[in-house]
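Participant: Below you will find the structure I want to go over with you.
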Amino acid sequence: QKVNGTVFAILNDTVGTLAANKFKDQDTQIGLILGTGSNAAYIERTSRCSKLNRESGGSGSNQMIINMEWGNYKSSHLPYMDVDKDIDASTLNKGAQHYEKMISGMYLGEMARRICLKASKEINLFGGTQRNKLEQEWSFPTSLVSK
């Protein structure tokens with residue numbers, strides 16, 4: 001399908017996912033990326049956007065896409081476990097991107113390795129035969145989690 005238009009914005013993958021699917025299906029309300037990293041975007045009524053400068057004009061639309069950048073979300077309502085704290089402490093960006101470290105592909109292999117290592121020590125998981133391999137940080141790729 002040919003679309004006659006002019007590029008007037010650059011957007012990230014999450015907003016692009018939402019916008020592209022909204023073009024195909026008007027019922028679309030959420031764009032979600034769950035891969036190496038994670039993020040979400042959703043469509044909100046502009047009347048609910050308190051930071052929006054209403055005097056700047058704009059398109060006149062009563063809706064806009066909100067890019068949540070939820071990777072750094074942290075809340076006492078989330079189960080932030082010891083393994084999450086340990087993974088955070090072992091990263092270059094300690095104290096940042098909490099939610100992303102809990103759910104995204106970049107960290108799931110390390111989370112599985114740490115949990116298996118703990119089980120190996122506590123209940124002799126794998127008969128203890130893999131303990132030396134499990135001791136090596138970041139040695140368990142996320143791709144193995146899904147196999």
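By order in the structure tokens, chains are A, B, ...; within a chain, residues start at 1; ligands start at 1, following the order shown.
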Using only C-alpha atoms, which residues of range 39-139 of chain A come within 12 Å of range 4-17 of chain A, and what is the closest atom pair for each, with the distance in Å to one decimal? Give it as JSON lines, sorted by chain and residue number.
Facilitator:
{"residue": "A:Asn39", "atom": "CA", "partner": "A:Thr14", "partner_atom": "CA", "distance": 6.4}
{"residue": "A:Ala40", "atom": "CA", "partner": "A:Thr14", "partner_atom": "CA", "distance": 6.0}
{"residue": "A:Ala41", "atom": "CA", "partner": "A:Val15", "partner_atom": "CA", "distance": 5.9}
{"residue": "A:Tyr42", "atom": "CA", "partner": "A:Val15", "partner_atom": "CA", "distance": 8.2}
{"residue": "A:Ile43", "atom": "CA", "partner": "A:Val15", "partner_atom": "CA", "distance": 9.8}
{"residue": "A:Met64", "atom": "CA", "partner": "A:Val15", "partner_atom": "CA", "distance": 10.7}
{"residue": "A:Ile65", "atom": "CA", "partner": "A:Val15", "partner_atom": "CA", "distance": 7.2}
{"residue": "A:Ile66", "atom": "CA", "partner": "A:Val15", "partner_atom": "CA", "distance": 8.1}
{"residue": "A:Asn67", "atom": "CA", "partner": "A:Val15", "partner_atom": "CA", "distance": 6.5}
{"residue": "A:Met68", "atom": "CA", "partner": "A:Thr14", "partner_atom": "CA", "distance": 9.2}
{"residue": "A:Glu69", "atom": "CA", "partner": "A:Thr14", "partner_atom": "CA", "distance": 9.0}
{"residue": "A:Trp70", "atom": "CA", "partner": "A:Thr14", "partner_atom": "CA", "distance": 11.0}
Participant: Looking only at helix (DSSP H, G or I) from DSSP on the backbone, list the matching residues of range 36-124 of chain A as a PyMOL selection string.
Facilitator: chain A and resi 46-48+54-56+70-72+82-89+98-103+105-123
Participant: Check which residues of range 81-126 of chain A sit at most 8 Å from range 30-38 of chain A using only C-alpha atoms, and return one row each with the closest pair of atoms and their distance in Å to one decimal, ordered by chain and rising number, as JSON lines.
Facilitator:
{"residue": "A:Glu100", "atom": "CA", "partner": "A:Ser38", "partner_atom": "CA", "distance": 5.7}
{"residue": "A:Ile103", "atom": "CA", "partner": "A:Ser38", "partner_atom": "CA", "distance": 7.6}
{"residue": "A:Ser104", "atom": "CA", "partner": "A:Gly37", "partner_atom": "CA", "distance": 5.1}
{"residue": "A:Gly105", "atom": "CA", "partner": "A:Thr36", "partner_atom": "CA", "distance": 4.4}
{"residue": "A:Met106", "atom": "CA", "partner": "A:Thr36", "partner_atom": "CA", "distance": 4.6}
Participant: Please, what distance in Å, to one decimal, runs between CA of Arg45 in chain A and CA of Val3 in chain A?
Facilitator: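 CA of Arg45 in chain A sits 26.4 Å away from CA of Val3 in chain A.
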Participant: To one decimal place, how far is CA of Lys147 in chain A from CA of Tyr107 in chain A in Å?
Facilitator: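 Computing the Euclidean distance for CA of Lys147 in chain A and CA of Tyr107 in chain A yields 16.1 Å.
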Participant: Mind giving me the straight-line distance from CA of Thr91 in chain A to CA of Phe140 in chain A in Å, one decimal?
Facilitator: 15.3 Å
Participant: Which residue gives the smallest distance to Ser90 in chain A among A:Thr142, A:Lys118, A:Glu137, A:Gln26, with only C-alpha atoms counted?
Facilitator: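 Of the candidates, the smallest distance to Ser90 in chain A is held by A:Glu137.
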